[in-house]
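A short worksheet on the structure shown next.
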Amino acid sequence: MFSHTATDHVRLTDAMRSVFVELLVHGPLSRAEVARRLTLSPSALTKLTRPLIEAGYLLEATGEEGPATVGRPSQPLQVDASRMSFVGVKLTEDELFAVRTDLAATVHGETSRPLADHDIDHVLGRIVEAVEELTVPERPLSAVGISLAGTATPSDPVVHTSPFLGWSQLPLAELVERAVNVPTVLDNDVRALTAVQQWFGEGVGHSSFALVTVGAGIGCGLVIGDRLVTGQSGASGLVGHLQIDDRGPLCERGHRGCARAYASSPSIRRSIATTIARPELTFDDCLALAADGHPVARRVLDEAGAALGQVVATVANITGPELVVLSGESVHMYDVCAQAFHTALAAHTHWTAGPVRVAVKPFAFNEWARGAAVTALQHLLLHR
């Protein structure tokens, strides 16, 4: 259901949603092309688009004509992205990132706030500040999306678990919605980043793809058959503790030789800093040592790259994606361990499958916040 003012209320049918999403993701498109893509007759398409055109959500593209036809030329249709506005918020362990976007997920404003602690009143106050800063009077917000590392889904207002923030069974969406008076949805941060890639990024044109992230943990988002996989209670893509080697190092949960123990940035830093007795080293210091050929750092990064390659191969073997996007706040480690990554990826990819196509994308945190905004858009468009 779309409603920006009292005069442009539109109740969407499933067929109207399909048309709108097709134009939002792939437009501008001629009417003939939309009808072909969705297997609709011209008259059916006209009936479906008329309410959206009358309400101003669809426009005839200017300066570009569709294919020549007998009679009046057909103008391509496009979504008026300015008709709705969203704020997306990404929470990390120590900072908040927020953006304001339009219907096409174009960023029109951004801000950030440090998080001094994880007390809910403090974090809620920072979220409200960010939302208020990004809201403009001429374009009221349609929804707010919030993403974080943890178990959360758009259909549930509760953060069930968030180890990095120390939260459990926290009704965050209800608290934010009450404070800002705007519909608010939650999602896991990796799944939100996958959502923005699905509609407006690397995943456009791919019916199935995977997003694997590396940072403080290892995450995975999945799109299969054009559907973003949520899983039961939001539990999907949990690849961080896949076993790599049962003789390997321990992770913080006591698992021996799991992917997180090998490839997460804290594990890499700790392993190198402890082994060479240099506790002051940062993660980037460790990457620099490995790039310079330091034997300990070099081995640790090669093992991390191999572990990450095995994770990607496992995901690809199970889901058969057309593309794997490799990202996360620590993905720049790829520059140091690319050879080990690709060697392991090839070794663990099933022999009957073709080579896995991998795109390495070092997204900044504002892209994760943009994903939260798209989560809010998708929930509003597809589930209300």
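In the structure tokens, each chain is lettered A, B, ... as it comes, each chain's residues begin at 1, and ligands are numbered from 1 in order of appearance.
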
**Message:** as a PyMOL selection string, please: the residues near Val79 of chain A (cut-off 6 Å, only C-alpha atoms, same-chain neighbours under 4 positions excluded).
**Reply:** chain A and resi 24+57-58

Print the selection's residues with N, CA, C and O atoms to a file, as a short mmCIF file (atom, residue, chain, number, x, y, z; two decimals), in the first residue's frame.
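File again25.cif, as written:
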data_model
loop_
_atom_site.label_atom_id
_atom_site.label_comp_id
_atom_site.auth_asym_id
_atom_site.auth_seq_id
_atom_site.Cartn_x
_atom_site.Cartn_y
_atom_site.Cartn_z
N LEU A 24 11.00 -0.53 -11.24
CA LEU A 24 11.91 0.04 -10.24
C LEU A 24 13.32 -0.50 -10.43
O LEU A 24 14.30 0.24 -10.38
N TYR A 57 3.23 7.71 -9.20
CA TYR A 57 4.35 6.81 -8.88
C TYR A 57 5.06 6.32 -10.14
O TYR A 57 6.23 5.97 -10.10
N LEU A 58 4.35 6.29 -11.27
CA LEU A 58 4.95 5.96 -12.55
C LEU A 58 4.84 7.17 -13.47
O LEU A 58 3.82 7.87 -13.48
#

**Residue contacts of Thr184 of chain A (7 Å, only C-alpha atoms) excluding same-chain residues fewer than 3 positions away, as number ranges by chain** = A: 143-145, 173, 176-177

Emit the selected residues as a PDB file, in the first residue's frame, including C-alpha atoms.
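Done, and the output landed in selection_7.pdb:
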ATOM      1  CA  ALA A 143       9.746   3.915   6.670  1.00  0.00           C
ATOM      2  CA  VAL A 144      12.947   3.407   8.653  1.00  0.00           C
ATOM      3  CA  GLY A 145      15.113   0.306   8.293  1.00  0.00           C
ATOM      4  CA  ALA A 173      11.626  -1.715  16.017  1.00  0.00           C
ATOM      5  CA  VAL A 176      12.235   3.309  17.329  1.00  0.00           C
ATOM      6  CA  GLU A 177       8.800   3.480  15.710  1.00  0.00           C
TER       7      GLU A 177
END

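Among A:Pro171, A:Pro28, A:Gly257, A:Gly293, the residue with the shortest atom-to-atom distance to Ala152 of chain A, counting only C-alpha atoms, is A:Pro171.
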
Might you pull out every residue within 12 Å of segment 32-45 of chain A, with only C-alpha atoms counted and same-chain residues fewer than 3 positions away left off, and present them as a compact mmCIF listing (two decimals) with all heavy atoms, in the first residue's frame?
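What follows is the written file selection12.txt:
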# COMPACT_ATOMS: atom_id res chain seq x y z
N ALA A 15 -0.25 -8.27 -8.83
CA ALA A 15 0.15 -7.99 -10.21
C ALA A 15 0.72 -6.59 -10.35
O ALA A 15 1.71 -6.36 -11.06
CB ALA A 15 -1.04 -8.17 -11.15
N MET A 16 0.13 -5.62 -9.65
CA MET A 16 0.66 -4.26 -9.67
C MET A 16 2.04 -4.21 -9.04
O MET A 16 2.94 -3.50 -9.53
CB MET A 16 -0.30 -3.31 -8.95
CG MET A 16 -1.61 -3.06 -9.68
SD MET A 16 -2.81 -2.18 -8.66
CE MET A 16 -2.00 -0.58 -8.50
N ARG A 17 2.23 -4.96 -7.97
CA ARG A 17 3.55 -5.01 -7.35
C ARG A 17 4.60 -5.52 -8.33
O ARG A 17 5.71 -5.00 -8.41
CB ARG A 17 3.52 -5.92 -6.11
CG ARG A 17 2.86 -5.33 -4.90
CD ARG A 17 3.05 -6.24 -3.68
NE ARG A 17 2.46 -5.66 -2.51
CZ ARG A 17 1.22 -5.88 -2.10
NH1 ARG A 17 0.44 -6.70 -2.81
NH2 ARG A 17 0.76 -5.31 -1.01
N SER A 18 4.24 -6.56 -9.06
CA SER A 18 5.18 -7.14 -10.02
C SER A 18 5.60 -6.12 -11.07
O SER A 18 6.78 -5.99 -11.41
CB SER A 18 4.57 -8.37 -10.70
OG SER A 18 4.32 -9.39 -9.76
N VAL A 19 4.63 -5.37 -11.57
CA VAL A 19 4.93 -4.35 -12.58
C VAL A 19 5.80 -3.25 -11.97
O VAL A 19 6.80 -2.82 -12.57
CB VAL A 19 3.62 -3.75 -13.14
CG1 VAL A 19 3.92 -2.53 -14.02
CG2 VAL A 19 2.85 -4.79 -13.92
N PHE A 20 5.44 -2.81 -10.78
CA PHE A 20 6.18 -1.71 -10.15
C PHE A 20 7.62 -2.13 -9.87
O PHE A 20 8.57 -1.36 -10.14
CB PHE A 20 5.48 -1.31 -8.85
CG PHE A 20 6.02 -0.03 -8.27
CD1 PHE A 20 5.58 1.20 -8.73
CD2 PHE A 20 6.98 -0.06 -7.26
CE1 PHE A 20 6.09 2.39 -8.20
CE2 PHE A 20 7.49 1.12 -6.74
CZ PHE A 20 7.04 2.35 -7.21
N VAL A 21 7.82 -3.33 -9.34
CA VAL A 21 9.17 -3.80 -9.04
C VAL A 21 9.99 -3.94 -10.33
O VAL A 21 11.17 -3.59 -10.37
CB VAL A 21 9.14 -5.13 -8.26
CG1 VAL A 21 10.54 -5.75 -8.16
CG2 VAL A 21 8.56 -4.91 -6.87
N GLU A 22 9.38 -4.45 -11.36
CA GLU A 22 10.08 -4.61 -12.64
C GLU A 22 10.59 -3.26 -13.15
O GLU A 22 11.74 -3.13 -13.60
CB GLU A 22 9.15 -5.25 -13.68
CG GLU A 22 9.87 -5.78 -14.90
CD GLU A 22 10.72 -7.00 -14.61
OE1 GLU A 22 10.44 -7.73 -13.64
OE2 GLU A 22 11.69 -7.23 -15.37
N LEU A 23 9.76 -2.24 -13.05
CA LEU A 23 10.16 -0.90 -13.49
C LEU A 23 11.15 -0.26 -12.52
O LEU A 23 12.04 0.48 -12.93
CB LEU A 23 8.93 -0.02 -13.66
CG LEU A 23 8.08 -0.35 -14.89
CD1 LEU A 23 6.70 0.30 -14.78
CD2 LEU A 23 8.79 0.10 -16.16
N LEU A 24 11.00 -0.53 -11.24
CA LEU A 24 11.91 0.04 -10.24
C LEU A 24 13.32 -0.50 -10.43
O LEU A 24 14.30 0.24 -10.38
CB LEU A 24 11.39 -0.29 -8.84
CG LEU A 24 12.21 0.24 -7.66
CD1 LEU A 24 12.23 1.76 -7.66
CD2 LEU A 24 11.62 -0.27 -6.34
N VAL A 25 13.43 -1.80 -10.67
CA VAL A 25 14.74 -2.45 -10.74
C VAL A 25 15.35 -2.32 -12.14
O VAL A 25 16.56 -2.12 -12.27
CB VAL A 25 14.63 -3.93 -10.33
CG1 VAL A 25 15.96 -4.65 -10.52
CG2 VAL A 25 14.15 -4.04 -8.89
N HIS A 26 14.52 -2.43 -13.18
CA HIS A 26 15.05 -2.51 -14.54
C HIS A 26 14.68 -1.32 -15.43
O HIS A 26 15.17 -1.24 -16.56
CB HIS A 26 14.57 -3.80 -15.21
CG HIS A 26 14.97 -5.04 -14.49
ND1 HIS A 26 16.28 -5.50 -14.47
CD2 HIS A 26 14.25 -5.91 -13.73
CE1 HIS A 26 16.33 -6.61 -13.75
NE2 HIS A 26 15.13 -6.89 -13.29
N GLY A 27 13.80 -0.44 -14.96
CA GLY A 27 13.33 0.64 -15.80
C GLY A 27 14.36 1.72 -16.07
O GLY A 27 15.44 1.71 -15.46
N PRO A 28 14.04 2.66 -16.99
CA PRO A 28 12.80 2.76 -17.76
C PRO A 28 12.66 1.62 -18.78
O PRO A 28 13.65 1.18 -19.35
CB PRO A 28 12.92 4.10 -18.48
CG PRO A 28 14.03 4.84 -17.81
CD PRO A 28 14.94 3.80 -17.27
N LEU A 29 11.41 1.20 -18.99
CA LEU A 29 11.13 0.15 -19.97
C LEU A 29 9.89 0.55 -20.77
O LEU A 29 8.97 1.17 -20.23
CB LEU A 29 10.85 -1.18 -19.26
CG LEU A 29 11.99 -1.84 -18.49
CD1 LEU A 29 11.47 -3.03 -17.70
CD2 LEU A 29 13.11 -2.28 -19.42
N LEU A 48 -3.18 -2.26 -15.05
CA LEU A 48 -2.34 -2.32 -13.85
C LEU A 48 -1.57 -1.03 -13.61
O LEU A 48 -1.35 -0.64 -12.45
CB LEU A 48 -1.35 -3.49 -13.97
CG LEU A 48 -1.96 -4.89 -13.99
CD1 LEU A 48 -0.90 -5.93 -14.32
CD2 LEU A 48 -2.60 -5.21 -12.63
N THR A 49 -1.15 -0.38 -14.67
CA THR A 49 -0.32 0.81 -14.50
C THR A 49 -1.12 2.09 -14.31
O THR A 49 -0.61 3.07 -13.77
CB THR A 49 0.62 0.99 -15.71
OG1 THR A 49 -0.15 1.05 -16.91
CG2 THR A 49 1.62 -0.15 -15.78
N ARG A 50 -2.39 2.11 -14.77
CA ARG A 50 -3.16 3.35 -14.72
C ARG A 50 -3.24 3.96 -13.32
O ARG A 50 -2.97 5.17 -13.17
CB ARG A 50 -4.57 3.13 -15.29
CG ARG A 50 -5.39 4.43 -15.32
CD ARG A 50 -6.78 4.22 -15.86
NE ARG A 50 -6.74 3.87 -17.27
CZ ARG A 50 -7.19 2.72 -17.78
NH1 ARG A 50 -7.69 1.79 -16.96
NH2 ARG A 50 -7.13 2.48 -19.06
N PRO A 51 -3.55 3.18 -12.25
CA PRO A 51 -3.61 3.81 -10.92
C PRO A 51 -2.27 4.36 -10.46
O PRO A 51 -2.21 5.39 -9.79
CB PRO A 51 -4.06 2.65 -10.01
CG PRO A 51 -4.69 1.65 -10.92
CD PRO A 51 -3.96 1.76 -12.21
N LEU A 52 -1.18 3.69 -10.84
CA LEU A 52 0.14 4.16 -10.44
C LEU A 52 0.55 5.41 -11.19
O LEU A 52 1.23 6.28 -10.64
CB LEU A 52 1.17 3.04 -10.66
CG LEU A 52 1.02 1.83 -9.75
CD1 LEU A 52 1.83 0.65 -10.27
CD2 LEU A 52 1.42 2.17 -8.33
N ILE A 53 0.14 5.51 -12.46
CA ILE A 53 0.41 6.72 -13.24
C ILE A 53 -0.42 7.88 -12.69
O ILE A 53 0.08 9.00 -12.50
CB ILE A 53 0.12 6.48 -14.73
CG1 ILE A 53 1.12 5.48 -15.31
CG2 ILE A 53 0.17 7.79 -15.50
CD1 ILE A 53 0.80 5.03 -16.73
N GLY A 66 10.07 4.86 -27.17
CA GLY A 66 10.17 3.41 -27.32
C GLY A 66 10.28 3.05 -28.79
O GLY A 66 10.37 3.90 -29.67
N PRO A 67 10.24 1.76 -29.12
CA PRO A 67 10.33 1.32 -30.51
C PRO A 67 9.23 1.93 -31.36
O PRO A 67 8.10 2.14 -30.89
CB PRO A 67 10.18 -0.21 -30.40
CG PRO A 67 10.53 -0.53 -28.98
CD PRO A 67 10.12 0.65 -28.18
N ALA A 68 9.55 2.23 -32.60
CA ALA A 68 8.57 2.85 -33.50
C ALA A 68 7.39 1.91 -33.71
O ALA A 68 7.55 0.71 -33.93
CB ALA A 68 9.24 3.18 -34.84
N THR A 69 6.20 2.44 -33.63
CA THR A 69 4.99 1.66 -33.84
C THR A 69 4.03 2.49 -34.70
O THR A 69 4.20 3.70 -34.87
CB THR A 69 4.29 1.30 -32.52
OG1 THR A 69 3.98 2.52 -31.82
CG2 THR A 69 5.18 0.44 -31.63
N PRO A 73 3.80 7.17 -30.71
CA PRO A 73 4.96 6.45 -30.19
C PRO A 73 4.78 6.11 -28.72
O PRO A 73 4.13 6.84 -27.97
CB PRO A 73 6.12 7.42 -30.41
CG PRO A 73 5.49 8.77 -30.50
CD PRO A 73 4.15 8.53 -31.14
N SER A 74 5.35 5.00 -28.32
CA SER A 74 5.23 4.53 -26.95
C SER A 74 6.37 5.09 -26.11
O SER A 74 7.54 4.84 -26.39
CB SER A 74 5.27 3.00 -26.92
OG SER A 74 5.31 2.53 -25.60
N GLN A 75 6.02 5.86 -25.07
CA GLN A 75 7.05 6.40 -24.17
C GLN A 75 7.37 5.36 -23.09
O GLN A 75 6.46 4.77 -22.50
CB GLN A 75 6.56 7.67 -23.50
CG GLN A 75 6.30 8.83 -24.46
CD GLN A 75 7.57 9.28 -25.15
OE1 GLN A 75 7.66 9.19 -26.37
NE2 GLN A 75 8.55 9.71 -24.39
N PRO A 76 8.65 5.13 -22.82
CA PRO A 76 9.00 4.20 -21.74
C PRO A 76 8.44 4.66 -20.40
O PRO A 76 8.30 5.86 -20.14
CB PRO A 76 10.53 4.24 -21.74
CG PRO A 76 10.92 4.71 -23.10
CD PRO A 76 9.83 5.66 -23.52
N LEU A 77 8.13 3.71 -19.56
CA LEU A 77 7.66 4.01 -18.21
C LEU A 77 8.81 3.93 -17.23
O LEU A 77 9.71 3.09 -17.37
CB LEU A 77 6.57 3.01 -17.80
CG LEU A 77 5.23 3.11 -18.50
CD1 LEU A 77 4.32 1.96 -18.06
CD2 LEU A 77 4.56 4.46 -18.22
N GLN A 78 8.77 4.78 -16.21
CA GLN A 78 9.77 4.73 -15.15
C GLN A 78 9.13 5.10 -13.83
O GLN A 78 8.09 5.77 -13.78
CB GLN A 78 10.95 5.65 -15.45
CG GLN A 78 10.60 7.12 -15.44
CD GLN A 78 11.79 8.00 -15.78
OE1 GLN A 78 12.73 7.55 -16.41
NE2 GLN A 78 11.75 9.25 -15.35

Could you give me, as a tab-separated table, a per-residue list for segment 289-374 of chain A showing, wherever an atom lies at most 10 Å from an atom of segment 215-221 of chain A, the closest pair of atoms and their distance in Å to one decimal, using only C-alpha atoms and sorting by chain then residue number from low to high?
residue	atom	partner	partner_atom	distance
A:Leu308	CA	A:Ile218	CA	8.8
A:Val311	CA	A:Ile218	CA	9.2
A:Val312	CA	A:Cys220	CA	9.3
A:Val315	CA	A:Cys220	CA	8.5
A:Val324	CA	A:Gly221	CA	9.8
A:Val325	CA	A:Gly221	CA	9.5
A:Leu326	CA	A:Cys220	CA	9.4
A:Ser327	CA	A:Gly215	CA	8.7
A:Gly328	CA	A:Gly215	CA	5.6
A:Glu329	CA	A:Gly215	CA	5.2
A:Ser330	CA	A:Gly215	CA	4.6
A:Val331	CA	A:Gly215	CA	7.2
A:His332	CA	A:Gly215	CA	9.9
A:Met333	CA	A:Gly215	CA	9.7

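Closest approach to Arg100 of chain A among A:Leu323, A:Leu380, A:Ala373, A:Leu186 is made by A:Ala373 (distances from only C-alpha atoms).
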
**Request:** State, in Å with one decimal place, the distance from atom CA of Pro154 of chain A to atom CA of Asp187 of chain A.
**Result:** 5.5 Å

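Within 12 Å of Val180 of chain A, once only C-alpha atoms are used and residues closer than 3 positions along the same chain are dropped, the contacting residues are Val87, Leu124, Gly125, Arg126, Ile127, Val128, Glu129, Ala130, Val131, Glu132, Glu133, Leu134, Thr135, Pro140, Leu141, Ser142, Ala143, Val144, Ala173, Glu174, Leu175, Val176, Glu177, Pro183 and Thr184 of chain A.
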
**Item:** Atomic distance atom CA of Ser82 of chain A - atom CA of Val182 of chain A, expressed in Å with one decimal
**Value:**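 Taking atom CA of Ser82 of chain A and atom CA of Val182 of chain A, their separation equals 17.9 Å.
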
**Prompt:** If you count only C-alpha atoms, which residues fall within 9 Å of Glu303 of chain A, apart from same-chain ones fewer than 3 positions away, as a count of residues only?
**Reply:** 11

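Checking A:Leu250, A:Ala372, A:Leu59, A:Ile224 one by one against Val196 of chain A, counting only C-alpha atoms, you find the shortest gap at A:Ala372.
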
**Message:** Based on the backbone DSSP call, show me all residues of segment 119-229 of chain A assigned strand (DSSP E or B), as number ranges by chain.
**Reply:** A: 136, 139, 143-148, 151, 159-162, 167-170, 184-188, 209-214, 218-224, 227-228

With C-alpha atoms retained, export the selected residues as a PDB file, in the first residue's frame.
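Written out: result.pdb:
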ATOM      1  CA  VAL A 136      13.369  16.877   5.329  1.00  0.00           C
ATOM      2  CA  ARG A 139       9.614  14.650   1.829  1.00  0.00           C
ATOM      3  CA  ALA A 143       9.746   3.915   6.670  1.00  0.00           C
ATOM      4  CA  VAL A 144      12.947   3.407   8.653  1.00  0.00           C
ATOM      5  CA  GLY A 145      15.113   0.306   8.293  1.00  0.00           C
ATOM      6  CA  ILE A 146      17.669  -0.822  10.857  1.00  0.00           C
ATOM      7  CA  SER A 147      20.292  -3.499  10.278  1.00  0.00           C
ATOM      8  CA  LEU A 148      22.682  -5.098  12.732  1.00  0.00           C
ATOM      9  CA  THR A 151      19.012 -12.491  14.540  1.00  0.00           C
ATOM     10  CA  VAL A 159      16.140  -8.387  17.970  1.00  0.00           C
ATOM     11  CA  HIS A 160      16.370 -11.948  19.275  1.00  0.00           C
ATOM     12  CA  THR A 161      20.147 -12.095  19.607  1.00  0.00           C
ATOM     13  CA  SER A 162      22.960  -9.648  18.852  1.00  0.00           C
ATOM     14  CA  TRP A 167      21.153  -7.632  23.191  1.00  0.00           C
ATOM     15  CA  SER A 168      18.608 -10.399  23.590  1.00  0.00           C
ATOM     16  CA  GLN A 169      14.839 -10.255  22.964  1.00  0.00           C
ATOM     17  CA  LEU A 170      14.928  -6.480  22.493  1.00  0.00           C
ATOM     18  CA  THR A 184      10.300   0.712  11.351  1.00  0.00           C
ATOM     19  CA  VAL A 185      11.658  -2.684  10.320  1.00  0.00           C
ATOM     20  CA  LEU A 186      14.715  -4.679  11.364  1.00  0.00           C
ATOM     21  CA  ASP A 187      16.979  -7.058   9.516  1.00  0.00           C
ATOM     22  CA  ASN A 188      20.273  -8.860   9.801  1.00  0.00           C
ATOM     23  CA  PHE A 209      23.563 -15.052  -6.186  1.00  0.00           C
ATOM     24  CA  ALA A 210      25.362 -15.152  -2.845  1.00  0.00           C
ATOM     25  CA  LEU A 211      26.986 -12.419  -0.793  1.00  0.00           C
ATOM     26  CA  VAL A 212      29.793 -13.525   1.552  1.00  0.00           C
ATOM     27  CA  THR A 213      31.164 -10.978   4.015  1.00  0.00           C
ATOM     28  CA  VAL A 214      34.335 -11.049   6.077  1.00  0.00           C
ATOM     29  CA  ILE A 218      31.872 -14.327   8.471  1.00  0.00           C
ATOM     30  CA  GLY A 219      28.387 -13.858   6.995  1.00  0.00           C
ATOM     31  CA  CYS A 220      26.380 -14.949   3.988  1.00  0.00           C
ATOM     32  CA  GLY A 221      23.283 -13.635   2.251  1.00  0.00           C
ATOM     33  CA  LEU A 222      21.472 -15.664  -0.401  1.00  0.00           C
ATOM     34  CA  VAL A 223      19.105 -14.911  -3.271  1.00  0.00           C
ATOM     35  CA  ILE A 224      17.700 -18.064  -4.879  1.00  0.00           C
ATOM     36  CA  ARG A 227      13.879 -14.557  -3.559  1.00  0.00           C
ATOM     37  CA  LEU A 228      15.969 -13.300  -0.673  1.00  0.00           C
TER      38      LEU A 228
END

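When the distance limit is 8 Å and only C-alpha atoms are what count, the residues near Arg247 of chain A, minus those fewer than 2 positions from it on the same chain, are Asp245, Pro249, Arg256 and Gly257 of chain A.
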
Resulting file, chosen residues, C-alpha atoms, as a compact mmCIF listing (two decimals), in the first residue's frame:
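After the write, again_28.txt holds the following:
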# COMPACT_ATOMS: atom_id res chain seq x y z
CA ASP A 245 40.31 -28.05 9.81
CA PRO A 249 42.76 -22.67 16.08
CA ARG A 256 38.27 -25.71 16.65
CA GLY A 257 39.31 -24.80 13.13
